[in-house]
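entry.txt follows (compact mmCIF, C-alpha atoms and all ligand atoms):
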```
# COMPACT_ATOMS: atom_id res chain seq x y z
CA MET A 27 -151.05 29.04 -463.64
CA GLU A 28 -153.22 25.90 -463.58
CA LYS A 29 -156.93 26.33 -464.21
CA ILE A 30 -159.41 24.65 -461.88
CA ASN A 31 -161.47 22.44 -464.16
CA LYS A 32 -165.21 22.01 -463.68
CA SER A 33 -164.64 18.25 -463.39
CA VAL A 34 -163.51 18.89 -459.79
CA LEU A 35 -167.19 19.48 -458.92
CA ASN A 36 -168.16 15.95 -459.98
CA GLN A 37 -165.09 14.48 -458.32
CA VAL A 38 -165.68 16.12 -454.94
CA ILE A 39 -169.48 16.23 -454.68
CA THR A 40 -170.47 12.60 -454.26
CA PRO A 41 -173.92 11.08 -453.77
CA ARG A 42 -174.79 10.37 -450.13
CA ASN A 43 -174.71 6.87 -448.72
CA PRO A 44 -178.33 5.82 -447.99
CA GLU A 45 -177.27 4.37 -444.60
CA SER A 46 -175.71 7.65 -443.42
CA TYR A 47 -176.86 10.14 -440.75
CA LYS A 48 -175.95 13.73 -439.77
CA GLY A 49 -172.91 12.48 -437.84
CA ASN A 50 -171.32 11.47 -441.15
CA TYR A 51 -171.39 14.98 -442.56
CA GLY A 52 -169.29 16.85 -440.09
CA LYS A 53 -169.61 19.36 -437.28
CA VAL A 54 -168.96 22.96 -438.25
CA LEU A 55 -168.36 25.83 -435.85
CA ILE A 56 -168.71 29.36 -437.23
CA ILE A 57 -167.14 31.93 -434.88
CA SER A 58 -168.53 35.16 -436.18
CA GLY A 59 -170.40 38.40 -435.67
CA SER A 60 -170.38 41.47 -433.46
CA THR A 61 -172.78 44.33 -432.78
CA HIS A 62 -172.61 45.90 -436.26
CA PHE A 63 -171.90 42.80 -438.34
CA GLY A 64 -174.73 40.34 -437.78
CA GLY A 65 -175.41 39.69 -441.46
CA ALA A 66 -171.99 38.17 -442.07
CA THR A 67 -172.78 35.51 -439.46
CA ILE A 68 -176.16 34.67 -440.96
CA LEU A 69 -174.73 34.38 -444.48
CA CYS A 70 -171.72 32.31 -443.45
CA SER A 71 -173.71 29.91 -441.28
CA SER A 72 -176.54 29.67 -443.74
CA ALA A 73 -174.04 28.75 -446.49
CA ALA A 74 -172.58 26.03 -444.23
CA VAL A 75 -176.07 24.63 -443.54
CA ASN A 76 -177.18 24.75 -447.19
CA THR A 77 -173.98 23.06 -448.34
CA GLY A 78 -174.96 20.07 -446.22
CA SER A 79 -172.87 20.21 -443.03
CA GLY A 80 -174.21 17.62 -440.58
CA LEU A 81 -174.39 20.05 -437.65
CA VAL A 82 -173.64 23.76 -437.54
CA THR A 83 -172.98 25.73 -434.35
CA VAL A 84 -172.65 29.49 -434.41
CA ALA A 85 -170.47 31.14 -431.77
CA THR A 86 -171.54 34.77 -431.59
CA ILE A 87 -172.86 37.38 -429.14
CA PRO A 88 -176.18 36.56 -427.42
CA GLU A 89 -177.96 39.62 -428.87
CA LYS A 90 -177.76 37.86 -432.28
CA PHE A 91 -179.17 34.51 -431.14
CA THR A 92 -182.80 35.31 -431.97
CA ALA A 93 -182.01 36.53 -435.47
CA ILE A 94 -179.95 33.39 -436.13
CA ASN A 95 -182.61 31.06 -434.70
CA VAL A 96 -185.27 32.69 -436.85
CA LYS A 97 -183.23 32.82 -440.08
CA ILE A 98 -181.40 29.49 -439.65
CA PRO A 99 -183.35 27.16 -437.36
CA GLU A 100 -180.96 24.32 -438.29
CA ALA A 101 -178.06 26.03 -436.49
CA MET A 102 -177.24 26.03 -432.76
CA THR A 103 -175.83 29.05 -430.94
CA ILE A 104 -173.26 29.65 -428.21
CA ASP A 105 -171.76 32.82 -426.71
CA TYR A 106 -168.13 33.23 -427.78
CA GLN A 107 -167.55 35.51 -424.76
CA ASN A 108 -167.99 32.43 -422.56
CA LYS A 109 -164.48 30.95 -422.68
CA LYS A 110 -165.52 27.54 -421.38
CA ALA A 111 -168.35 27.20 -423.89
CA LEU A 112 -166.08 28.30 -426.74
CA THR A 113 -163.34 25.85 -425.75
CA GLU A 114 -165.88 23.02 -425.60
CA ALA A 115 -167.36 23.96 -428.97
CA ILE A 116 -163.92 24.14 -430.62
CA LYS A 117 -163.05 20.72 -429.18
CA ASN A 118 -166.27 19.18 -430.54
CA SER A 119 -165.99 20.49 -434.11
CA ASP A 120 -164.38 19.11 -437.27
CA VAL A 121 -164.19 22.44 -439.05
CA ILE A 122 -163.90 25.85 -437.40
CA ALA A 123 -164.33 29.05 -439.42
CA VAL A 124 -163.45 32.25 -437.63
CA GLY A 125 -163.64 35.87 -438.66
CA PRO A 126 -166.68 36.97 -440.68
CA GLY A 127 -168.13 40.06 -439.02
CA LEU A 128 -166.07 39.42 -435.88
CA GLY A 129 -164.55 42.89 -435.73
CA THR A 130 -161.25 43.62 -434.02
CA SER A 131 -162.22 44.21 -430.37
CA SER A 132 -160.16 42.72 -427.54
CA ILE A 133 -162.78 39.99 -427.16
CA ALA A 134 -162.47 39.21 -430.89
CA LYS A 135 -158.69 38.95 -430.47
CA GLY A 136 -159.10 36.45 -427.62
CA VAL A 137 -161.50 34.41 -429.70
CA VAL A 138 -159.08 34.24 -432.65
CA LYS A 139 -156.27 33.25 -430.28
CA ALA A 140 -158.46 30.47 -428.86
CA ALA A 141 -159.17 29.15 -432.37
CA LEU A 142 -155.46 29.17 -433.29
CA THR A 143 -154.26 27.52 -430.09
CA GLN A 144 -157.06 25.11 -429.17
CA THR A 145 -157.48 23.32 -432.50
CA ASN A 146 -155.83 19.96 -433.20
CA ASN A 147 -154.41 18.13 -436.20
CA LYS A 148 -157.68 16.34 -437.00
CA GLN A 149 -159.46 19.65 -437.51
CA THR A 150 -159.53 22.35 -440.18
CA LEU A 151 -159.37 26.02 -439.24
CA ILE A 152 -160.55 28.61 -441.77
CA LEU A 153 -159.35 32.16 -441.11
CA ASP A 154 -161.33 34.86 -442.86
CA ALA A 155 -162.00 38.60 -442.69
CA SER A 156 -161.45 40.07 -439.19
CA ALA A 157 -159.45 37.01 -438.08
CA ILE A 158 -156.90 37.78 -440.80
CA THR A 159 -156.91 41.47 -439.93
CA ILE A 160 -156.30 40.67 -436.24
CA ILE A 161 -153.43 38.26 -436.96
CA ALA A 162 -151.83 40.89 -439.21
CA GLN A 163 -152.35 43.74 -436.72
CA GLU A 164 -151.05 41.73 -433.78
CA ASN A 165 -148.20 40.30 -435.81
CA TRP A 166 -149.00 36.82 -434.47
CA PRO A 167 -147.26 33.85 -436.06
CA LEU A 168 -149.61 32.01 -438.38
CA GLU A 169 -149.51 28.77 -436.43
CA SER A 170 -152.06 26.12 -435.55
CA LYS A 171 -152.05 22.33 -435.30
CA ALA A 172 -155.12 22.26 -437.56
CA ASN A 173 -155.17 22.27 -441.36
CA LEU A 174 -155.11 26.00 -442.02
CA ILE A 175 -157.06 27.79 -444.74
CA LEU A 176 -156.84 31.54 -445.33
CA THR A 177 -159.52 33.29 -447.38
CA PRO A 178 -158.47 36.95 -447.66
CA HIS A 179 -159.59 39.50 -450.21
CA GLN A 180 -156.71 41.45 -451.69
CA GLY A 181 -156.90 44.15 -448.98
CA GLU A 182 -156.70 41.54 -446.22
CA TRP A 183 -153.89 39.74 -448.03
CA GLN A 184 -152.01 43.03 -448.21
CA ARG A 185 -152.32 43.36 -444.42
CA LEU A 186 -151.13 39.81 -443.78
CA SER A 187 -148.42 39.45 -446.43
CA GLY A 188 -147.22 43.06 -446.56
CA LEU A 189 -147.59 42.95 -450.36
CA ASP A 190 -149.31 45.98 -451.87
CA ILE A 191 -152.10 44.96 -454.22
CA ALA A 192 -150.00 46.06 -457.21
CA GLU A 193 -147.19 43.76 -456.01
CA GLN A 194 -149.45 40.72 -455.63
CA ASN A 195 -148.68 38.14 -458.31
CA PRO A 196 -148.46 34.34 -458.30
CA LYS A 197 -144.74 34.33 -457.46
CA SER A 198 -144.84 36.92 -454.67
CA ASN A 199 -148.03 35.42 -453.21
CA ALA A 200 -146.53 31.92 -453.13
CA GLN A 201 -143.34 33.24 -451.52
CA SER A 202 -145.26 35.13 -448.85
CA LEU A 203 -147.39 32.10 -448.05
CA GLN A 204 -144.25 30.01 -447.75
CA GLN A 205 -142.90 32.49 -445.19
CA LEU A 206 -146.14 32.80 -443.25
CA ASN A 207 -146.80 29.06 -443.06
CA PRO A 208 -145.71 26.61 -445.78
CA GLU A 209 -148.46 24.15 -444.79
CA ALA A 210 -151.34 26.64 -445.07
CA LEU A 211 -153.73 26.80 -448.02
CA LEU A 212 -154.47 30.26 -449.39
CA VAL A 213 -157.62 31.23 -451.29
CA LEU A 214 -156.93 34.71 -452.64
CA LYS A 215 -160.32 36.22 -453.48
CA LYS A 216 -160.45 38.46 -456.54
CA HIS A 217 -161.78 38.37 -460.09
CA HIS A 218 -160.89 34.76 -460.97
CA SER A 219 -159.81 33.79 -457.45
CA GLU A 220 -156.63 31.78 -456.89
CA VAL A 221 -155.70 28.83 -454.68
CA TYR A 222 -152.14 28.33 -453.36
CA TYR A 223 -151.22 25.09 -451.63
CA HIS A 224 -147.76 23.54 -451.35
CA GLU A 225 -146.32 23.64 -454.87
CA THR A 226 -149.67 24.16 -456.62
CA THR A 227 -151.09 27.46 -457.78
CA ALA A 228 -154.44 27.36 -459.54
CA GLN A 229 -157.20 29.70 -460.61
CA ILE A 230 -160.92 29.48 -461.26
CA GLU A 231 -162.29 30.75 -464.55
CA ALA A 232 -165.62 31.77 -463.06
CA GLY A 233 -166.99 34.72 -461.14
CA ASN A 234 -168.35 38.11 -462.15
CA PRO A 235 -168.57 41.72 -460.94
CA GLY A 236 -172.19 41.17 -459.90
CA MET A 237 -170.59 39.35 -456.95
CA ALA A 238 -168.96 42.56 -455.72
CA THR A 239 -171.41 43.03 -452.86
CA GLY A 240 -171.05 42.78 -449.08
CA GLY A 241 -171.39 39.26 -447.70
CA MET A 242 -170.22 37.36 -450.80
CA GLY A 243 -166.94 36.34 -449.12
CA ASP A 244 -168.71 35.44 -445.86
CA THR A 245 -170.84 33.09 -447.97
CA LEU A 246 -167.77 31.48 -449.54
CA THR A 247 -166.33 30.79 -446.09
CA GLY A 248 -169.48 28.90 -445.10
CA ILE A 249 -169.39 26.90 -448.33
CA ILE A 250 -165.75 25.89 -447.85
CA ALA A 251 -166.49 24.92 -444.22
CA GLY A 252 -169.43 22.76 -445.30
CA PHE A 253 -167.42 21.12 -448.09
CA ILE A 254 -164.55 20.20 -445.79
CA ALA A 255 -166.96 18.90 -443.13
CA GLN A 256 -168.40 16.45 -445.66
CA PHE A 257 -165.65 15.74 -448.16
CA GLY A 258 -162.49 16.20 -446.06
CA PHE A 259 -159.66 18.72 -446.23
CA SER A 260 -157.87 18.77 -449.57
CA PHE A 261 -156.87 21.15 -452.33
CA GLN A 262 -159.65 19.61 -454.47
CA THR A 263 -162.33 20.09 -451.82
CA VAL A 264 -161.48 23.77 -451.37
CA SER A 265 -161.25 24.29 -455.14
CA ALA A 266 -164.66 22.68 -455.64
CA GLY A 267 -166.27 24.94 -453.00
CA LEU A 268 -164.64 28.01 -454.53
CA LEU A 269 -165.73 27.05 -458.04
CA LEU A 270 -169.30 26.17 -457.05
CA HIS A 271 -169.74 29.59 -455.39
CA SER A 272 -168.72 31.45 -458.57
CA THR A 273 -170.47 29.01 -460.93
CA ILE A 274 -173.82 29.58 -459.19
CA ALA A 275 -173.13 33.33 -459.16
CA ASP A 276 -172.41 33.26 -462.93
CA LYS A 277 -175.72 31.51 -463.64
CA LEU A 278 -177.56 34.10 -461.52
CA ASN A 279 -175.67 36.98 -463.16
CA LYS A 280 -177.15 36.05 -466.56
CA ASP A 281 -180.39 37.72 -465.55
CA ASN A 282 -179.43 39.56 -462.35
CA TYR A 283 -177.25 42.67 -462.55
CA VAL A 284 -176.18 42.15 -458.94
CA VAL A 285 -175.87 38.67 -457.41
CA LEU A 286 -177.03 38.61 -453.82
CA PRO A 287 -175.18 36.24 -451.47
CA SER A 288 -178.50 34.96 -450.10
CA LYS A 289 -179.55 33.96 -453.64
CA VAL A 290 -176.34 31.97 -454.12
CA ILE A 291 -176.99 30.21 -450.80
CA GLU A 292 -180.55 29.34 -451.84
CA LYS A 293 -179.24 27.55 -454.96
CA LEU A 294 -176.55 25.47 -453.20
CA PRO A 295 -178.56 22.26 -452.60
CA LYS A 296 -179.86 22.24 -456.18
CA TYR A 297 -176.43 22.66 -457.77
CA MET A 298 -174.84 20.15 -455.42
CA ALA A 299 -177.47 17.61 -456.47
CA LYS A 300 -176.72 18.35 -460.12
CA TYR A 301 -172.96 17.88 -459.73
CA SER A 302 -173.35 14.76 -457.59
CA TYR A 303 -174.86 12.82 -460.52
CA LYS A 304 -172.18 11.00 -462.46
CA ASP A 305 -173.28 10.69 -466.08
N1 LIG B 401 -173.39 42.14 -443.67
C1 LIG B 401 -172.31 42.05 -442.87
O1 LIG B 401 -172.40 41.82 -441.67
C2 LIG B 401 -170.97 42.24 -443.48
C3 LIG B 401 -169.86 42.22 -442.66
N2 LIG B 401 -168.61 42.28 -443.15
C4 LIG B 401 -167.51 42.21 -442.19
O2 LIG B 401 -166.97 43.47 -442.05
C5 LIG B 401 -165.66 43.35 -441.51
C6 LIG B 401 -164.73 44.22 -442.33
O3 LIG B 401 -164.49 43.60 -443.60
P1 LIG B 401 -164.37 44.43 -444.95
O4 LIG B 401 -163.84 43.53 -445.96
O5 LIG B 401 -165.70 45.05 -445.26
O6 LIG B 401 -163.42 45.63 -444.58
P2 LIG B 401 -161.86 45.70 -444.29
O7 LIG B 401 -161.34 44.56 -443.53
O8 LIG B 401 -161.57 47.03 -443.70
O9 LIG B 401 -161.24 45.64 -445.76
C7 LIG B 401 -161.50 46.67 -446.65
C8 LIG B 401 -160.20 47.42 -446.91
O10 LIG B 401 -159.44 46.63 -447.82
C9 LIG B 401 -159.31 47.33 -449.05
N3 LIG B 401 -159.47 46.43 -450.20
C10 LIG B 401 -158.59 46.24 -451.15
N4 LIG B 401 -158.99 45.31 -451.99
C11 LIG B 401 -160.18 44.91 -451.58
C12 LIG B 401 -161.05 43.94 -452.07
N5 LIG B 401 -160.81 43.21 -453.15
N6 LIG B 401 -162.21 43.75 -451.39
C13 LIG B 401 -162.48 44.47 -450.29
N7 LIG B 401 -161.65 45.41 -449.78
C14 LIG B 401 -160.50 45.63 -450.43
C15 LIG B 401 -160.36 48.41 -449.01
O11 LIG B 401 -159.92 49.42 -449.86
P3 LIG B 401 -160.89 50.63 -450.32
O12 LIG B 401 -162.26 50.05 -450.50
O13 LIG B 401 -160.82 51.61 -449.22
O14 LIG B 401 -160.29 51.08 -451.59
C16 LIG B 401 -160.43 48.76 -447.55
O15 LIG B 401 -159.34 49.62 -447.21
C17 LIG B 401 -165.29 41.87 -441.60
O16 LIG B 401 -165.48 41.27 -440.34
C18 LIG B 401 -166.31 41.35 -442.58
O17 LIG B 401 -166.59 39.98 -442.41
C19 LIG B 401 -168.35 42.29 -444.59
O18 LIG B 401 -168.19 40.94 -444.91
C20 LIG B 401 -169.51 42.93 -445.35
C21 LIG B 401 -170.86 42.40 -444.95
N1 LIG B 402 -165.32 41.47 -459.93
C1 LIG B 402 -165.42 40.26 -459.38
N2 LIG B 402 -165.26 39.14 -460.12
C2 LIG B 402 -165.36 37.93 -459.57
N3 LIG B 402 -165.58 37.69 -458.26
C3 LIG B 402 -165.72 38.77 -457.47
C4 LIG B 402 -165.66 40.09 -457.97
N4 LIG B 402 -165.84 40.93 -456.93
C5 LIG B 402 -166.01 40.18 -455.83
N5 LIG B 402 -165.94 38.87 -456.14
C6 LIG B 402 -166.03 37.73 -455.21
O1 LIG B 402 -166.88 38.06 -454.11
C7 LIG B 402 -166.28 37.68 -452.87
C8 LIG B 402 -165.95 38.93 -452.04
O2 LIG B 402 -165.35 38.54 -450.82
P1 LIG B 402 -165.15 39.59 -449.63
O3 LIG B 402 -164.55 40.84 -450.14
O4 LIG B 402 -164.48 38.86 -448.54
O5 LIG B 402 -166.69 39.87 -449.26
P2 LIG B 402 -167.40 40.10 -447.84
O6 LIG B 402 -166.32 40.22 -446.79
O7 LIG B 402 -168.18 41.36 -448.02
O8 LIG B 402 -168.27 38.93 -447.60
C9 LIG B 402 -165.04 36.87 -453.25
O9 LIG B 402 -165.36 35.51 -453.39
C10 LIG B 402 -164.65 37.47 -454.60
O10 LIG B 402 -163.90 36.61 -455.41
MG MG B 403 -164.68 39.17 -446.45
```

Give the structure from the file, written as structure tokens.
Amino acid sequence: MEKINKSVLNQVITPRNPESYKGNYGKVLIISGSTHFGGATILCSSAAVNTGSGLVTVATIPEKFTAINVKIPEAMTIDYQNKKALTEAIKNSDVIAVGPGLGTSSIAKGVVKAALTQTNNKQTLILDASAITIIAQENWPLESKANLILTPHQGEWQRLSGLDIAEQNPKSNAQSLQQLNPEALLVLKKHHSEVYYHETTAQIEAGNPGMATGGMGDTLTGIIAGFIAQFGFSFQTVSAGLLLHSTIADKLNKDNYVVLPSKVIEKLPKYMAKYSYKD
């Protein structure tokens, strides 16, 4: 399996054009959260903001609006239960990430369906967490006009692919992805996470068990969304987001037994500045 080289960080993370404005850095929509899972929404959206997305909108339930406004004043909020508002927000976004903390209620199912069916071929749709669980449970075809990215952990991948964790290996994973949707990009999250896209299978050599804490995957989803919003959809862009997440976590793990997702998020702008310098 190919290794994802650190040079991808310098390639993807480019200095900003002085003449640019927020409209140049993409509109991200994070569809996320439910009564018991508010933190996932805050971490995912906060990661998208700190990665440098031009504008971030959070589609969630209204009882979470205040918490989001206080924690992430840069983000806007809409109610995903309002079908018209959700449709409008999907239409106006470049990157849509759906699933963190969404749960599997009937409303959540409708929201995932809307994301799958209302996106177009200029957009990227990231399916994570509960969105993957819902698609697996409902046995829906994995279809969308958008560029599709899946970010399951091994338990979620088991649900979607039908492969037990012990059966998951590069060959079986690639075959399953081919059957589910040969155009989709898969980020399989594990120790040394893997990326599958078309004929390429690659792995990061970064990440540590200090990352094994709730919210770390929600954070990755926000980072990938922010990277695609700014740098465009590609295998390299996703690989760079994945590698940056674990690279920051490895630095923090040197003197932190557990690596908190919020600490990784805090370091994003600093590390992006560092990798944007070409020396
Ligand atoms: N602060 C918040 O708001 C947070 C909210 N969150 C939100 O919670 C929702 C549920 O997501 P989830 O991932 O917590 O649970 P679920 O979908 O049931 O999967 C777990 C099952 O899979 C299995 N499993 C096997 N391998 C595994 C692996 N490598 N990593 C993890 N699990 C693995 C595992 O096996 P077991 O542990 O039982 O051996 C178990 O059977 C989702 O919307 C998410 O975004 C979380 O992000 C946390 C912070
Ligand atoms: N032992 C480990 N080594 C490296 N990375 C890990 C380890 N444990 C967890 N991670 C990383 O942490 C993240 C966990 O994602 P996920 O299970 O979706 O978290 P959550 O849903 O709680 O946000 C993934 O990016 C995964 O690769
Ligand atoms: Mg997760």

So that each row is one residue of region 189-284 of chain A with an atom at most 12 Å from region 166-178 of chain A, can you give its shortest atom pair and the distance in Å to one decimal, using all atoms listed in the file, rows by chain and rising number, as CSV?
```
residue,atom,partner,partner_atom,distance
A:Asn199,CA,A:Pro178,CA,11.9
A:Ser202,CA,A:Leu168,CA,11.8
A:Leu203,CA,A:Leu176,CA,9.8
A:Gln204,CA,A:Leu168,CA,11.0
A:Gln205,CA,A:Leu168,CA,9.6
A:Leu206,CA,A:Leu168,CA,6.0
A:Asn207,CA,A:Leu168,CA,6.2
A:Pro208,CA,A:Leu168,CA,10.0
A:Glu209,CA,A:Leu174,CA,7.4
A:Ala210,CA,A:Leu174,CA,4.9
A:Leu211,CA,A:Ile175,CA,4.8
A:Leu212,CA,A:Leu176,CA,4.9
A:Val213,CA,A:Thr177,CA,4.8
A:Leu214,CA,A:Pro178,CA,5.7
A:Lys215,CA,A:Pro178,CA,6.2
A:Lys216,CA,A:Pro178,CA,9.2
A:Ser219,CA,A:Thr177,CA,10.1
A:Glu220,CA,A:Thr177,CA,10.1
A:Val221,CA,A:Thr177,CA,9.4
A:Tyr222,CA,A:Leu176,CA,9.8
A:Tyr223,CA,A:Ile175,CA,9.4
A:Met242,CA,A:Thr177,CA,11.9
A:Gly243,CA,A:Thr177,CA,8.2
A:Asp244,CA,A:Thr177,CA,9.6
A:Thr245,CA,A:Thr177,CA,11.3
A:Leu246,CA,A:Thr177,CA,8.7
A:Thr247,CA,A:Thr177,CA,7.4
A:Gly248,CA,A:Thr177,CA,11.1
A:Ile249,CA,A:Thr177,CA,11.8
A:Ile250,CA,A:Ile175,CA,9.4
A:Ala251,CA,A:Ile175,CA,9.9
A:Ile254,CA,A:Asn173,CA,10.6
A:Gly258,CA,A:Asn173,CA,10.6
A:Phe259,CA,A:Asn173,CA,7.5
A:Ser260,CA,A:Asn173,CA,9.3
A:Phe261,CA,A:Ile175,CA,10.1
A:Thr263,CA,A:Ile175,CA,11.7
A:Val264,CA,A:Ile175,CA,8.9
A:Ser265,CA,A:Ile175,CA,11.7
A:Leu268,CA,A:Thr177,CA,10.3
```

Dump as a Markdown table the rows for residues of chain A within 10 Å of ligand LIG 401 (chain B): closest atom pair and distance in Å with one decimal, all atoms listed in the file counted, ordered by chain and rising residue number.
```
| residue | atom | partner | partner_atom | distance |
| --- | --- | --- | --- | --- |
| A:Ser58 | CA | B:LIG401 | O16 | 8.0 |
| A:Gly59 | CA | B:LIG401 | O1 | 7.2 |
| A:Ser60 | CA | B:LIG401 | O16 | 8.4 |
| A:Thr61 | CA | B:LIG401 | O1 | 9.2 |
| A:His62 | CA | B:LIG401 | O1 | 6.8 |
| A:Phe63 | CA | B:LIG401 | O1 | 3.5 |
| A:Gly64 | CA | B:LIG401 | O1 | 4.8 |
| A:Gly65 | CA | B:LIG401 | O1 | 3.7 |
| A:Ala66 | CA | B:LIG401 | O1 | 3.7 |
| A:Thr67 | CA | B:LIG401 | O1 | 6.7 |
| A:Ile68 | CA | B:LIG401 | O1 | 8.1 |
| A:Leu69 | CA | B:LIG401 | N1 | 7.9 |
| A:Cys70 | CA | B:LIG401 | O17 | 9.3 |
| A:Val124 | CA | B:LIG401 | O17 | 9.6 |
| A:Gly125 | CA | B:LIG401 | O16 | 5.9 |
| A:Pro126 | CA | B:LIG401 | O17 | 3.5 |
| A:Gly127 | CA | B:LIG401 | O16 | 3.2 |
| A:Leu128 | CA | B:LIG401 | O16 | 4.9 |
| A:Gly129 | CA | B:LIG401 | O16 | 5.0 |
| A:Thr130 | CA | B:LIG401 | O16 | 8.0 |
| A:Asp154 | CA | B:LIG401 | O17 | 7.4 |
| A:Ala155 | CA | B:LIG401 | C17 | 4.8 |
| A:Ser156 | CA | B:LIG401 | O16 | 4.4 |
| A:Ala157 | CA | B:LIG401 | O16 | 7.7 |
| A:Ile158 | CA | B:LIG401 | O7 | 8.6 |
| A:Thr159 | CA | B:LIG401 | O7 | 6.5 |
| A:Ile160 | CA | B:LIG401 | O7 | 9.7 |
| A:Pro178 | CA | B:LIG401 | N6 | 8.6 |
| A:His179 | CA | B:LIG401 | N5 | 4.9 |
| A:Gln180 | CA | B:LIG401 | N4 | 4.5 |
| A:Gly181 | CA | B:LIG401 | C10 | 3.5 |
| A:Glu182 | CA | B:LIG401 | O10 | 6.0 |
| A:Trp183 | CA | B:LIG401 | N4 | 8.5 |
| A:Gln184 | CA | B:LIG401 | C10 | 7.9 |
| A:Arg185 | CA | B:LIG401 | O10 | 8.5 |
| A:Asp190 | CA | B:LIG401 | C10 | 9.3 |
| A:Ile191 | CA | B:LIG401 | N4 | 7.3 |
| A:Leu214 | CA | B:LIG401 | N5 | 9.4 |
| A:Lys215 | CA | B:LIG401 | N5 | 7.0 |
| A:Lys216 | CA | B:LIG401 | N5 | 5.8 |
| A:His217 | CA | B:LIG401 | N5 | 8.5 |
| A:Ala238 | CA | B:LIG401 | N6 | 8.1 |
| A:Thr239 | CA | B:LIG401 | C20 | 7.7 |
| A:Gly240 | CA | B:LIG401 | C20 | 4.0 |
| A:Gly241 | CA | B:LIG401 | C21 | 4.2 |
| A:Met242 | CA | B:LIG401 | O18 | 7.2 |
| A:Gly243 | CA | B:LIG401 | O18 | 6.4 |
| A:Asp244 | CA | B:LIG401 | O18 | 5.6 |
| A:Thr245 | CA | B:LIG401 | O18 | 8.8 |
| A:Thr247 | CA | B:LIG401 | O17 | 9.9 |
| A:Pro287 | CA | B:LIG401 | N1 | 9.9 |
```

Requested in this report: Show which residues sit within 9 Å of region 81-91 of chain A, as JSON, numbers by chain. Count all atoms listed in the file, and ignore same-chain residues fewer than 4 positions away.
Outcome: {"A": [48, 49, 51, 52, 53, 54, 55, 56, 57, 58, 59, 60, 61, 64, 67, 71, 74, 75, 95, 96, 100, 101, 102, 103, 104, 105, 106, 107, 112, 115, 119, 128, 252]}

Report task. With a distance cut-off of 12 Å and all atoms listed in the file, select the neighbouring residues of Tyr47 (chain A), excluding the residue or stretch itself and same-chain residues fewer than 3 positions from it, and output the selection as a VMD selection string. Result -> chain A and resid 42 to 44 50 to 52 78 to 81 256

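The shortest atom-to-atom distance to ligand LIG 402 (chain B), with all atoms listed in the file taken into account, belongs to A:His218 out of A:Lys148, A:His224, A:His218, A:Lys300.
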
Query - Who sits within 8 Å of Leu269 (chain A), only C-alpha atoms, same chain under 4 positions skipped, as a list in words - result: Ile30, Lys32, Leu35, Ile230, Ala232, Ser265 and Thr273 of chain A

Around region 186-191 of chain A, fit a box with edges along x, y and z, padding it by 6 Å on each side, then list its centre and edge lengths in Å to one decimal as AutoDock Vina command-line options.
```
--center_x -149.7 --center_y 42.7 --center_z -449.0 --size_x 16.9 --size_y 18.5 --size_z 22.4
```

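Using all atoms listed in the file, the smallest distance between any of A:Met27, A:Ala123, A:Leu151, A:Val38 and Lys304 (chain A) comes from A:Val38.
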
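Here CA of Gly188 (chain A) is placed at a distance of 17.2 Å from CA of Leu153 (chain A).
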
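Closest approach to Asp281 (chain A) among A:Val138, A:Ala299, A:Gly236, A:Thr227: A:Gly236, based on only C-alpha atoms.
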